[in-house]
file work.cif (mmCIF, C-alpha atoms)
data_entry
#
loop_
_atom_site.label_atom_id
_atom_site.label_comp_id
_atom_site.auth_asym_id
_atom_site.auth_seq_id
_atom_site.Cartn_x
_atom_site.Cartn_y
_atom_site.Cartn_z
CA MET V 183 -96.05 173.94 382.65
CA LEU V 184 -96.54 172.94 379.02
CA ILE V 185 -98.37 176.16 378.16
CA HIS V 186 -95.27 178.17 379.01
CA GLN V 187 -93.31 176.39 376.29
CA THR V 188 -93.23 178.17 372.94
CA VAL V 189 -95.57 176.76 370.28
CA SER V 190 -92.52 175.37 368.52
CA GLU V 191 -91.19 173.71 371.70
CA PHE V 192 -94.62 172.30 372.57
CA LEU V 193 -94.73 170.66 369.14
CA ASP V 194 -91.19 169.28 369.64
CA THR V 195 -92.17 167.89 373.06
CA THR V 196 -95.29 166.31 371.57
CA ALA V 197 -93.33 164.76 368.68
CA SER V 198 -90.64 163.39 371.00
CA SER V 199 -90.37 159.77 372.14
CA SER V 200 -91.95 160.70 375.47
CA PRO V 201 -95.59 159.51 375.38
CA ALA V 202 -96.78 162.66 377.20
CA PRO V 203 -97.98 165.15 376.16
CA GLY V 204 -100.04 163.03 373.77
CA GLY V 205 -103.50 163.02 372.24
CA GLY V 206 -105.22 163.98 375.50
CA SER V 207 -103.26 167.18 376.08
CA VAL V 208 -103.41 168.03 372.37
CA SER V 209 -107.21 167.63 372.41
CA ALA V 210 -107.37 170.04 375.37
CA LEU V 211 -105.25 172.49 373.36
CA ALA V 212 -107.68 172.14 370.43
CA GLY V 213 -110.47 173.10 372.84
CA ALA V 214 -108.47 176.14 374.01
CA LEU V 215 -107.91 177.20 370.38
CA GLY V 216 -111.66 176.89 369.73
CA ALA V 217 -112.45 179.04 372.76
CA ALA V 218 -109.79 181.60 371.73
CA LEU V 219 -111.31 181.96 368.24
CA THR V 220 -114.77 182.29 369.79
CA SER V 221 -113.49 185.10 372.02
CA MET V 222 -111.85 186.79 369.01
CA VAL V 223 -115.15 186.87 367.11
CA CYS V 224 -116.87 188.38 370.18
CA ARG V 225 -114.20 191.10 370.35
CA LEU V 226 -114.47 191.81 366.60
CA THR V 227 -118.24 192.29 367.03
CA ILE V 228 -118.35 194.33 370.26
CA GLY V 229 -118.43 198.09 369.70
CA LYS V 230 -119.46 197.88 366.02
CA LYS V 231 -122.56 200.02 365.28
CA LYS V 232 -123.89 197.41 362.84
CA TYR V 233 -123.93 194.82 365.64
CA ALA V 234 -125.25 197.01 368.48
CA ALA V 235 -128.31 194.75 368.81
CA VAL V 236 -126.17 191.74 369.78
CA GLU V 237 -123.70 193.66 371.99
CA ALA V 238 -125.02 192.13 375.23
CA ASP V 239 -124.91 188.59 373.75
CA MET V 240 -121.30 189.13 372.68
CA GLN V 241 -120.23 190.54 376.06
CA ALA V 242 -121.81 187.59 377.88
CA SER V 243 -120.35 185.05 375.44
CA LEU V 244 -116.89 186.61 375.72
CA ALA V 245 -116.85 186.36 379.52
CA GLN V 246 -117.88 182.68 379.37
CA SER V 247 -115.56 181.81 376.53
CA GLU V 248 -112.54 183.33 378.28
CA ALA V 249 -113.31 181.48 381.52
CA LEU V 250 -113.63 178.21 379.59
CA ARG V 251 -110.36 178.92 377.76
CA ASN V 252 -108.60 178.94 381.14
CA GLN V 253 -110.18 175.59 381.99
CA PHE V 254 -108.94 174.09 378.72
CA LEU V 255 -105.44 175.43 379.45
CA SER V 256 -105.49 173.73 382.84
CA LEU V 257 -106.63 170.45 381.26
CA ILE V 258 -103.55 170.41 378.95
CA ASP V 259 -101.29 169.93 381.97
CA GLN V 260 -103.80 167.82 383.92
CA ASP V 261 -103.89 165.24 381.15
CA THR V 262 -100.10 164.92 381.01
CA ALA V 263 -99.95 164.72 384.84
CA ALA V 264 -102.62 161.97 384.87
CA PHE V 265 -100.74 159.99 382.21
CA ASN V 266 -97.50 160.30 384.19
CA GLY V 267 -99.42 159.06 387.26
CA VAL V 268 -100.38 155.89 385.39
CA MET V 269 -96.76 155.35 384.31
CA ALA V 270 -95.56 155.84 387.91
CA ALA V 271 -98.08 153.26 389.18
CA PHE V 272 -96.89 150.72 386.60
CA GLY V 273 -93.35 151.33 387.88
CA LEU V 274 -94.19 150.32 391.48
CA PRO V 275 -92.44 147.19 392.88
CA LYS V 276 -94.13 143.81 392.36
CA GLU V 277 -91.93 141.40 394.32
CA THR V 278 -94.33 140.35 397.10
CA ASP V 279 -98.07 139.63 397.09
CA GLU V 280 -98.60 142.74 399.16
CA GLN V 281 -96.67 144.86 396.66
CA ARG V 282 -98.52 143.36 393.73
CA SER V 283 -101.86 144.11 395.34
CA ALA V 284 -100.82 147.69 396.18
CA ARG V 285 -99.50 148.17 392.64
CA GLU V 286 -102.72 146.94 391.04
CA SER V 287 -104.77 149.22 393.23
CA ALA V 288 -102.52 152.19 392.38
CA ILE V 289 -102.79 151.42 388.66
CA HIS V 290 -106.60 151.37 388.88
CA ASP V 291 -106.71 154.64 390.81
CA ALA V 292 -104.35 156.37 388.38
CA THR V 293 -106.19 154.98 385.34
CA ARG V 294 -109.52 156.19 386.72
CA GLN V 295 -107.96 159.66 387.12
CA ALA V 296 -106.60 159.46 383.54
CA THR V 297 -110.17 158.70 382.40
CA LEU V 298 -111.72 161.56 384.35
CA VAL V 299 -109.50 164.24 382.75
CA PRO V 300 -110.66 163.68 379.14
CA LEU V 301 -114.22 163.22 380.44
CA GLU V 302 -113.95 166.64 382.12
CA LEU V 303 -112.55 167.96 378.83
CA MET V 304 -115.69 166.72 377.05
CA ARG V 305 -117.95 168.36 379.62
CA THR V 306 -116.02 171.62 379.16
CA LEU V 307 -116.30 171.38 375.36
CA GLN V 308 -120.05 170.87 375.76
CA ARG V 309 -120.24 174.04 377.86
CA ALA V 310 -118.13 176.02 375.34
CA LEU V 311 -119.94 175.10 372.13
CA PRO V 312 -123.13 177.17 372.71
CA PHE V 313 -120.99 180.34 372.71
CA THR V 314 -119.37 179.31 369.42
CA ALA V 315 -122.89 178.80 368.05
CA ILE V 316 -123.88 182.31 369.18
CA VAL V 317 -120.89 184.01 367.51
CA ALA V 318 -121.40 181.96 364.34
CA GLU V 319 -125.03 183.05 364.18
CA LYS V 320 -124.93 186.62 365.47
CA GLY V 321 -121.27 187.71 365.37
CA ASN V 322 -119.36 189.80 362.81
CA LYS V 323 -120.00 188.21 359.40
CA ASN V 324 -116.40 188.97 358.36
CA SER V 325 -115.29 186.45 361.01
CA ALA V 326 -117.70 183.66 360.05
CA SER V 327 -114.88 181.33 358.95
CA ASP V 328 -113.16 181.82 362.33
CA ALA V 329 -116.36 180.77 364.13
CA GLY V 330 -116.51 177.75 361.81
CA VAL V 331 -112.92 176.75 362.61
CA ALA V 332 -113.71 177.13 366.33
CA ALA V 333 -116.65 174.72 365.99
CA LEU V 334 -114.56 172.21 364.01
CA LEU V 335 -111.77 172.21 366.61
CA ILE V 336 -114.25 171.73 369.45
CA GLY V 337 -115.78 168.81 367.54
CA SER V 338 -112.45 167.09 366.91
CA ALA V 339 -111.34 167.78 370.50
CA ALA V 340 -114.47 165.93 371.69
CA ARG V 341 -113.79 162.97 369.41
CA GLY V 342 -110.14 162.93 370.51
CA ALA V 343 -111.08 163.15 374.19
CA ALA V 344 -113.51 160.25 373.72
CA LEU V 345 -110.68 158.08 372.32
CA ASN V 346 -108.67 158.93 375.44
CA VAL V 347 -111.55 157.97 377.72
CA TYR V 348 -111.96 154.63 375.90
CA VAL V 349 -108.25 153.73 375.94
CA ASN V 350 -108.11 154.31 379.70
CA LEU V 351 -111.41 152.54 380.42
CA SER V 352 -110.07 149.46 378.64
CA GLY V 353 -107.48 149.17 381.45
CA LEU V 354 -110.14 149.02 384.17
CA PRO V 355 -112.26 146.09 385.36
CA GLU V 356 -115.91 145.93 384.21
CA ASN V 357 -117.81 147.85 386.88
CA ALA V 358 -120.35 150.63 387.38
CA PHE V 359 -117.72 153.37 386.93
CA ARG V 360 -116.70 151.93 383.57
CA ARG V 361 -120.29 151.53 382.35
CA ASP V 362 -121.42 154.98 383.52
CA THR V 363 -118.35 156.72 382.10
CA GLU V 364 -118.68 154.97 378.74
CA GLN V 365 -122.34 155.94 378.54
CA GLU V 366 -121.70 159.59 379.42
CA THR V 367 -118.82 159.73 376.91
CA ARG V 368 -120.92 158.33 374.08
CA GLY V 369 -123.72 160.81 374.79
CA LEU V 370 -121.40 163.82 375.02
CA GLU V 371 -119.47 162.88 371.89
CA GLN V 372 -122.64 162.49 369.85
CA LYS V 373 -124.16 165.78 371.02
CA ILE V 374 -120.98 167.81 370.57
CA VAL V 375 -120.13 166.39 367.13
CA THR V 376 -123.69 166.89 365.85
CA GLU V 377 -123.77 170.52 366.98
CA SER V 378 -120.21 171.23 365.80
CA ASP V 379 -121.03 169.83 362.35
CA ARG V 380 -124.25 171.87 362.24
CA ILE V 381 -122.38 175.11 362.99
CA ALA V 382 -119.61 174.34 360.46
CA ALA V 383 -122.18 173.47 357.76
CA THR V 384 -124.08 176.71 358.37
CA VAL V 385 -120.86 178.72 358.07
CA ARG V 386 -119.82 176.79 354.97
CA SER V 387 -123.12 177.40 353.18
CA SER V 388 -123.05 181.10 354.10
CA LEU V 389 -119.63 181.34 352.40
CA THR V 390 -120.31 179.23 349.33
CA GLY V 391 -124.02 179.83 348.85
CA ALA V 392 -124.51 176.05 348.82
CA SER V 393 -125.16 173.37 351.41
CA MET P 279 -92.88 184.75 364.52
CA LEU P 280 -96.03 183.37 366.08
CA ILE P 281 -94.46 179.97 366.80
CA HIS P 282 -91.93 181.63 369.11
CA GLN P 283 -94.74 182.85 371.35
CA THR P 284 -95.57 180.59 374.29
CA VAL P 285 -98.69 178.45 373.88
CA SER P 286 -100.42 180.70 376.39
CA GLU P 287 -99.38 183.88 374.51
CA PHE P 288 -100.40 182.42 371.14
CA LEU P 289 -103.86 181.74 372.57
CA ASP P 290 -104.04 185.29 373.96
CA THR P 291 -103.02 186.72 370.57
CA THR P 292 -105.64 184.57 368.83
CA ALA P 293 -108.36 185.62 371.29
CA SER P 294 -107.48 189.32 370.98
CA SER P 295 -109.41 191.85 368.90
CA SER P 296 -106.81 191.59 366.14
CA PRO P 297 -108.30 189.45 363.36
CA ALA P 298 -104.94 187.70 362.76
CA PRO P 299 -103.93 185.08 363.69
CA GLY P 300 -107.37 183.64 362.96
CA GLY P 301 -108.89 180.42 361.72
CA GLY P 302 -106.31 179.99 358.93
CA SER P 303 -103.25 180.06 361.18
CA VAL P 304 -105.03 177.96 363.80
CA SER P 305 -105.89 175.34 361.14
CA ALA P 306 -102.19 175.22 360.17
CA LEU P 307 -101.34 174.69 363.85
CA ALA P 308 -103.86 171.84 364.00
CA GLY P 309 -102.00 170.27 361.06
CA ALA P 310 -98.68 170.69 362.89
CA LEU P 311 -100.15 169.03 365.99
CA GLY P 312 -101.36 166.12 363.85
CA ALA P 313 -97.90 165.70 362.34
CA ALA P 314 -96.26 165.94 365.78
CA LEU P 315 -98.49 163.16 367.17
CA THR P 316 -97.76 161.04 364.09
CA SER P 317 -94.01 161.50 364.68
CA MET P 318 -94.46 160.59 368.35
CA VAL P 319 -96.12 157.28 367.48
CA CYS P 320 -93.26 156.52 365.04
CA ARG P 321 -90.72 157.17 367.80
CA LEU P 322 -92.66 155.04 370.32
CA THR P 323 -92.59 152.17 367.80
CA ILE P 324 -88.99 152.38 366.54
CA GLY P 325 -86.56 150.16 368.44
CA LYS P 326 -89.25 147.95 370.00
CA LYS P 327 -88.60 144.23 369.36
CA LYS P 328 -92.32 143.56 368.98
CA TYR P 329 -92.45 146.03 366.07
CA ALA P 330 -89.18 145.11 364.34
CA ALA P 331 -91.11 144.11 361.19
CA VAL P 332 -92.40 147.68 360.70
CA GLU P 333 -89.17 149.46 361.70
CA ALA P 334 -88.43 150.64 358.13
CA ASP P 335 -92.01 151.91 357.67
CA MET P 336 -91.75 153.87 360.90
CA GLN P 337 -88.34 155.36 360.04
CA ALA P 338 -89.61 156.48 356.62
CA SER P 339 -92.88 157.84 358.05
CA LEU P 340 -91.01 159.74 360.76
CA ALA P 341 -88.75 161.50 358.26
CA GLN P 342 -91.73 162.57 356.15
CA SER P 343 -93.87 163.54 359.10
CA GLU P 344 -91.15 165.76 360.58
CA ALA P 345 -90.54 167.50 357.24
CA LEU P 346 -94.29 168.13 356.88
CA ARG P 347 -94.47 169.43 360.46
CA ASN P 348 -92.00 172.15 359.45
CA GLN P 349 -94.18 173.06 356.48
CA PHE P 350 -97.24 173.38 358.74
CA LEU P 351 -95.23 175.61 361.09
CA SER P 352 -94.32 177.87 358.19
CA LEU P 353 -97.97 178.03 357.09
CA ILE P 354 -99.02 179.38 360.52
CA ASP P 355 -97.09 182.59 359.87
CA GLN P 356 -97.78 182.62 356.12
CA ASP P 357 -101.53 182.72 356.74
CA THR P 358 -101.28 185.65 359.13
CA ALA P 359 -98.93 187.49 356.71
CA ALA P 360 -101.37 186.92 353.82
CA PHE P 361 -104.28 188.22 355.90
CA ASN P 362 -102.29 191.31 356.87
CA GLY P 363 -101.54 191.82 353.16
CA VAL P 364 -105.26 191.93 352.39
CA MET P 365 -105.83 194.44 355.19
CA ALA P 366 -102.95 196.61 353.90
CA ALA P 367 -104.44 196.60 350.38
CA PHE P 368 -107.83 197.69 351.73
CA GLY P 369 -106.02 200.56 353.48
CA LEU P 370 -104.59 201.98 350.24
CA PRO P 371 -105.75 205.51 349.20
CA LYS P 372 -108.88 205.74 347.01
CA GLU P 373 -109.10 209.45 346.19
CA THR P 374 -108.43 209.37 342.43
CA ASP P 375 -109.54 206.95 339.72
CA GLU P 376 -105.94 205.83 339.33
CA GLN P 377 -105.69 205.12 343.07
CA ARG P 378 -108.99 203.27 343.08
CA SER P 379 -107.86 201.09 340.21
CA ALA P 380 -104.47 200.36 341.84
CA ARG P 381 -106.22 199.61 345.15
CA GLU P 382 -108.66 197.16 343.56
CA SER P 383 -105.83 195.41 341.79
CA ALA P 384 -103.80 195.20 345.03
CA ILE P 385 -106.84 193.80 346.89
CA HIS P 386 -107.31 191.08 344.26
CA ASP P 387 -103.61 190.14 344.33
CA ALA P 388 -103.55 189.98 348.12
CA THR P 389 -106.82 188.05 348.28
CA ARG P 390 -105.52 185.53 345.75
CA GLN P 391 -102.45 185.06 347.98
CA ALA P 392 -104.71 184.66 351.05
CA THR P 393 -106.55 181.92 349.13
CA LEU P 394 -103.38 180.11 348.08
CA VAL P 395 -102.07 179.73 351.66
CA PRO P 396 -105.01 177.62 352.97
CA LEU P 397 -105.03 175.75 349.65
CA GLU P 398 -101.36 174.89 350.19
CA LEU P 399 -102.29 173.88 353.74
CA MET P 400 -104.84 171.42 352.32
CA ARG P 401 -102.28 169.97 349.91
CA THR P 402 -99.86 169.54 352.83
CA LEU P 403 -102.53 167.86 354.96
CA GLN P 404 -103.21 165.49 352.06
CA ARG P 405 -99.51 164.59 351.95
CA ALA P 406 -99.36 164.10 355.74
CA LEU P 407 -102.39 161.87 356.23
CA PRO P 408 -100.94 158.67 354.67
CA PHE P 409 -98.25 158.62 357.39
CA THR P 410 -100.91 158.98 360.08
CA ALA P 411 -102.71 156.04 358.46
CA ILE P 412 -99.50 153.98 358.59
CA VAL P 413 -98.87 154.64 362.30
CA ALA P 414 -102.53 153.97 363.12
CA GLU P 415 -102.36 150.63 361.33
CA LYS P 416 -98.83 149.42 362.09
CA GLY P 417 -97.54 151.56 364.97
CA ASN P 418 -97.35 150.84 368.70
CA LYS P 419 -100.84 149.75 369.79
CA ASN P 420 -100.40 151.60 373.11
CA SER P 421 -100.41 154.82 371.08
CA ALA P 422 -103.48 154.06 368.96
CA SER P 423 -105.50 156.90 370.51
CA ASP P 424 -102.69 159.35 369.66
CA ALA P 425 -102.79 158.26 366.01
CA GLY P 426 -106.57 158.72 366.12
CA VAL P 427 -106.26 162.26 367.52
CA ALA P 428 -103.68 163.04 364.80
CA ALA P 429 -106.16 161.94 362.09
CA LEU P 430 -109.00 163.96 363.66
CA LEU P 431 -106.90 167.12 363.81
CA ILE P 432 -105.79 166.73 360.21
CA GLY P 433 -109.44 166.28 359.20
CA SER P 434 -110.62 169.39 361.03
CA ALA P 435 -107.62 171.37 359.75
CA ALA P 436 -108.71 170.48 356.19
CA ARG P 437 -112.29 171.54 356.83
CA GLY P 438 -111.06 174.76 358.48
CA ALA P 439 -108.66 175.50 355.62
CA ALA P 440 -111.50 174.98 353.13
CA LEU P 441 -113.60 177.61 354.95
CA ASN P 442 -110.64 179.98 354.61
CA VAL P 443 -110.32 179.28 350.90
CA TYR P 444 -114.06 179.93 350.40
CA VAL P 445 -114.15 183.18 352.38
CA ASN P 446 -111.26 184.57 350.33
CA LEU P 447 -112.61 183.33 346.98
CA SER P 448 -115.87 185.17 347.70
CA GLY P 449 -113.90 188.43 347.49
CA LEU P 450 -112.63 187.65 343.97
CA PRO P 451 -114.37 188.08 340.62
CA GLU P 452 -115.77 184.97 338.90
CA ASN P 453 -112.89 183.68 336.80
CA ALA P 454 -110.88 180.57 336.00
CA PHE P 455 -108.72 180.94 339.14
CA ARG P 456 -111.82 181.00 341.31
CA ARG P 457 -113.46 178.02 339.60
CA ASP P 458 -110.29 175.90 339.58
CA THR P 459 -109.45 176.70 343.20
CA GLU P 460 -112.97 175.94 344.38
CA GLN P 461 -112.94 172.63 342.55
CA GLU P 462 -109.54 171.59 343.94
CA THR P 463 -110.62 172.62 347.45
CA ARG P 464 -113.82 170.58 347.31
CA GLY P 465 -111.94 167.51 346.09
CA LEU P 466 -109.18 167.78 348.69
CA GLU P 467 -111.62 168.40 351.54
CA GLN P 468 -113.71 165.38 350.63
CA LYS P 469 -110.71 163.03 350.29
CA ILE P 470 -109.01 164.18 353.48
CA VAL P 471 -112.16 164.10 355.62
CA THR P 472 -113.17 160.64 354.34
CA GLU P 473 -109.73 159.20 355.10
CA SER P 474 -109.43 161.00 358.44
CA ASP P 475 -112.83 159.65 359.53
CA ARG P 476 -111.86 156.15 358.38
CA ILE P 477 -108.66 156.19 360.47
CA ALA P 478 -110.46 157.59 363.54
CA ALA P 479 -113.26 155.00 363.24
CA THR P 480 -110.72 152.17 362.99
CA VAL P 481 -108.92 153.39 366.10
CA ARG P 482 -112.23 153.87 367.92
CA SER P 483 -113.43 150.35 367.20
CA SER P 484 -110.05 148.87 368.21
CA LEU P 485 -110.44 150.59 371.61
CA THR P 486 -114.11 149.88 372.25
CA GLY P 487 -114.53 146.60 370.41
CA ALA P 488 -117.45 148.16 368.49
CA SER P 489 -117.86 150.16 365.30
#
call {"tool": "encode", "arguments": {"input": "work.cif", "output": "structure tokens"}}
result
Amino acid sequence: MLIHQTVSEFLDTTASSSPAPGGGSVSALAGALGAALTSMVCRLTIGKKKYAAVEADMQASLAQSEALRNQFLSLIDQDTAAFNGVMAAFGLPKETDEQRSARESAIHDATRQATLVPLELMRTLQRALPFTAIVAEKGNKNSASDAGVAALLIGSAARGAALNVYVNLSGLPENAFRRDTEQETRGLEQKIVTESDRIAATVRSSLTGAS
Amino acid sequence: MLIHQTVSEFLDTTASSSPAPGGGSVSALAGALGAALTSMVCRLTIGKKKYAAVEADMQASLAQSEALRNQFLSLIDQDTAAFNGVMAAFGLPKETDEQRSARESAIHDATRQATLVPLELMRTLQRALPFTAIVAEKGNKNSASDAGVAALLIGSAARGAALNVYVNLSGLPENAFRRDTEQETRGLEQKIVTESDRIAATVRSSLTGAS
């Protein structure tokens, strides 16, 4: 599994001439980093007298954020596996009509799967962001910049995941799946980026005293 | 060193109740991931007949991108070390006037160092982004989404690094260092984010056929 590589090795593997892991897995890692920072701010708030009033919020956010972090971790490997599935389908024999038909069908199935992984990443980012908003608003003020970085990473992960949805959709025929997926992706990207930017701007103005 | 932890351990360490590594180190990692994806697109372009005309561009970009990736890796640990330096200064004794004066001076020195690390991160991101622009424009079209994710991560790393500059500057007295650093940070953030968004939008419209 990629997540059992060291950070240094993971970067080497990404930079290598193997196309996977690529932008999809890296976007999932950005989501995991955003969730990890969100959890850190919860933990730096819990148990502090000054923040006793938000203790329950922080405990609930921490539990959710940690569960979502595990989902992001799983999506790192799922994206690479889905990409490898597409490559394997392209490698199928294409000598006879029957083989060509089976190969095309396998390519479509694998490409649909490679679309669904970044779409699931976007849905997971959408579920994670409210907890980042809570820690940015109510968490330990000394960790405000960490909450801001969490929001920024979740925003760029969503934009990166959307690019991965679009590149895979472009390999599929025009059909209801393609239309529905494109529409859901656009909606999710817009909502996540708007909220991520709002959180980052709030943090920024709290640190600089300006908007 | 943090980069010798596994990806999973690094995320656990980030999510823990220890404030470091925090948003500064994670922003440096986002820069390293952007450089790694940029290098990958270079490698997936080099040696391909179809891209023979840009071979020299890709070789030059790869060399730069890999050197910058090493600088980002170093900044991951530098940021955590600088943060720990600030914490150590706050822990100095403050019984006598002499101690209080030495402690305040140590806090200012350490805080200035904790400001310079994310500022150096921003300068490094600024140096890295032109190579991401080159691979997005001239690199293997099959890797366009990877170039887009690289640009997005570099953009959010710059915005995250800026938050870390601001939070540290707020702990320093109003002086020339603070004014100059704030001005440089604002300028770098604006340039990097504008260019990062431009690259991502170009990739997005090449994949969706729309702006």
call {"tool": "interface_residues", "arguments": {"input": "work.cif", "of": "chain P", "to": "chain V", "cutoff": "7 Å", "atoms": "all atoms listed in the file", "output": "MDAnalysis selection string"}}
result
chainID P and resid 281:286 289 292:295 300:301 311 314:315 317:318 321:322 423:424 427 430:431 434 438 441:442 444:445 482 485:486
call {"tool": "atom_distance", "arguments": {"input": "work.cif", "atom1": "atom CA of Leu257 of chain V", "atom2": "atom CA of Thr367 of chain V"}}
result
16.8 Å
call {"tool": "closest_residue", "arguments": {"input": "work.cif", "among": "P:Ala341, P:Leu403, P:Met336, P:Leu450", "to": "Ile385 of chain P", "atoms": "only C-alpha atoms"}}
result
P:Leu450
call {"tool": "atom_distance", "arguments": {"input": "work.cif", "atom1": "atom CA of Glu467 of chain P", "atom2": "atom CA of Phe455 of chain P"}}
result
17.9 Å
call {"tool": "atom_distance", "arguments": {"input": "work.cif", "atom1": "atom CA of Arg360 of chain V", "atom2": "atom CA of Ile477 of chain P"}}
result
24.8 Å
call {"tool": "resolve_selection", "arguments": {"input": "work.cif", "expression": "the PyMOL selection byres ((chain P and resi 412) around 10)", "output": "PDB file with C-alpha atoms, keeping the file's coordinate frame"}}
result
ATOM      1  CA  THR P 316     -97.760 161.040 364.090  1.00  0.00           C
ATOM      2  CA  CYS P 320     -93.260 156.520 365.040  1.00  0.00           C
ATOM      3  CA  VAL P 332     -92.400 147.680 360.700  1.00  0.00           C
ATOM      4  CA  ASP P 335     -92.010 151.910 357.670  1.00  0.00           C
ATOM      5  CA  MET P 336     -91.750 153.870 360.900  1.00  0.00           C
ATOM      6  CA  SER P 339     -92.880 157.840 358.050  1.00  0.00           C
ATOM      7  CA  LEU P 407    -102.390 161.870 356.230  1.00  0.00           C
ATOM      8  CA  PRO P 408    -100.940 158.670 354.670  1.00  0.00           C
ATOM      9  CA  PHE P 409     -98.250 158.620 357.390  1.00  0.00           C
ATOM     10  CA  THR P 410    -100.910 158.980 360.080  1.00  0.00           C
ATOM     11  CA  ALA P 411    -102.710 156.040 358.460  1.00  0.00           C
ATOM     12  CA  VAL P 413     -98.870 154.640 362.300  1.00  0.00           C
ATOM     13  CA  ALA P 414    -102.530 153.970 363.120  1.00  0.00           C
ATOM     14  CA  GLU P 415    -102.360 150.630 361.330  1.00  0.00           C
ATOM     15  CA  LYS P 416     -98.830 149.420 362.090  1.00  0.00           C
ATOM     16  CA  GLY P 417     -97.540 151.560 364.970  1.00  0.00           C
ATOM     17  CA  ALA P 425    -102.790 158.260 366.010  1.00  0.00           C
ATOM     18  CA  ILE P 477    -108.660 156.190 360.470  1.00  0.00           C
TER      19      ILE P 477
END
call {"tool": "closest_residue", "arguments": {"input": "work.cif", "among": "P:Ala330, P:Ala406, P:Ile354, P:Ala366", "to": "Thr389 of chain P", "atoms": "all atoms listed in the file"}}
result
P:Ala366
call {"tool": "residues_around", "arguments": {"input": "work.cif", "residues": "Gln260 of chain V", "least_positions_apart": "4", "cutoff": "8 Å", "atoms": "all atoms listed in the file", "output": "list of chain:residue names"}}
result
V:Ser207, V:Ser256, V:Ala264, V:Val299
call {"tool": "closest_residue", "arguments": {"input": "work.cif", "among": "P:Pro371, P:Arg476, P:Asn453, P:Lys419", "to": "Arg390 of chain P", "atoms": "all atoms listed in the file"}}
result
P:Asn453
call {"tool": "axis_aligned_box", "arguments": {"input": "work.cif", "around": "segment 342-352 of chain V", "padding_each_side": "4 Å", "output": "lines of an AutoDock Vina configuration file"}}
result
center_x = -110.8
center_y = 156.3
center_z = 375.5
size_x = 13.4
size_y = 21.7
size_z = 17.9
call {"tool": "closest_residue", "arguments": {"input": "work.cif", "among": "V:Glu237, V:Glu280, V:Asp261, V:Glu356", "to": "Thr297 of chain V", "atoms": "only C-alpha atoms"}}
result
V:Asp261
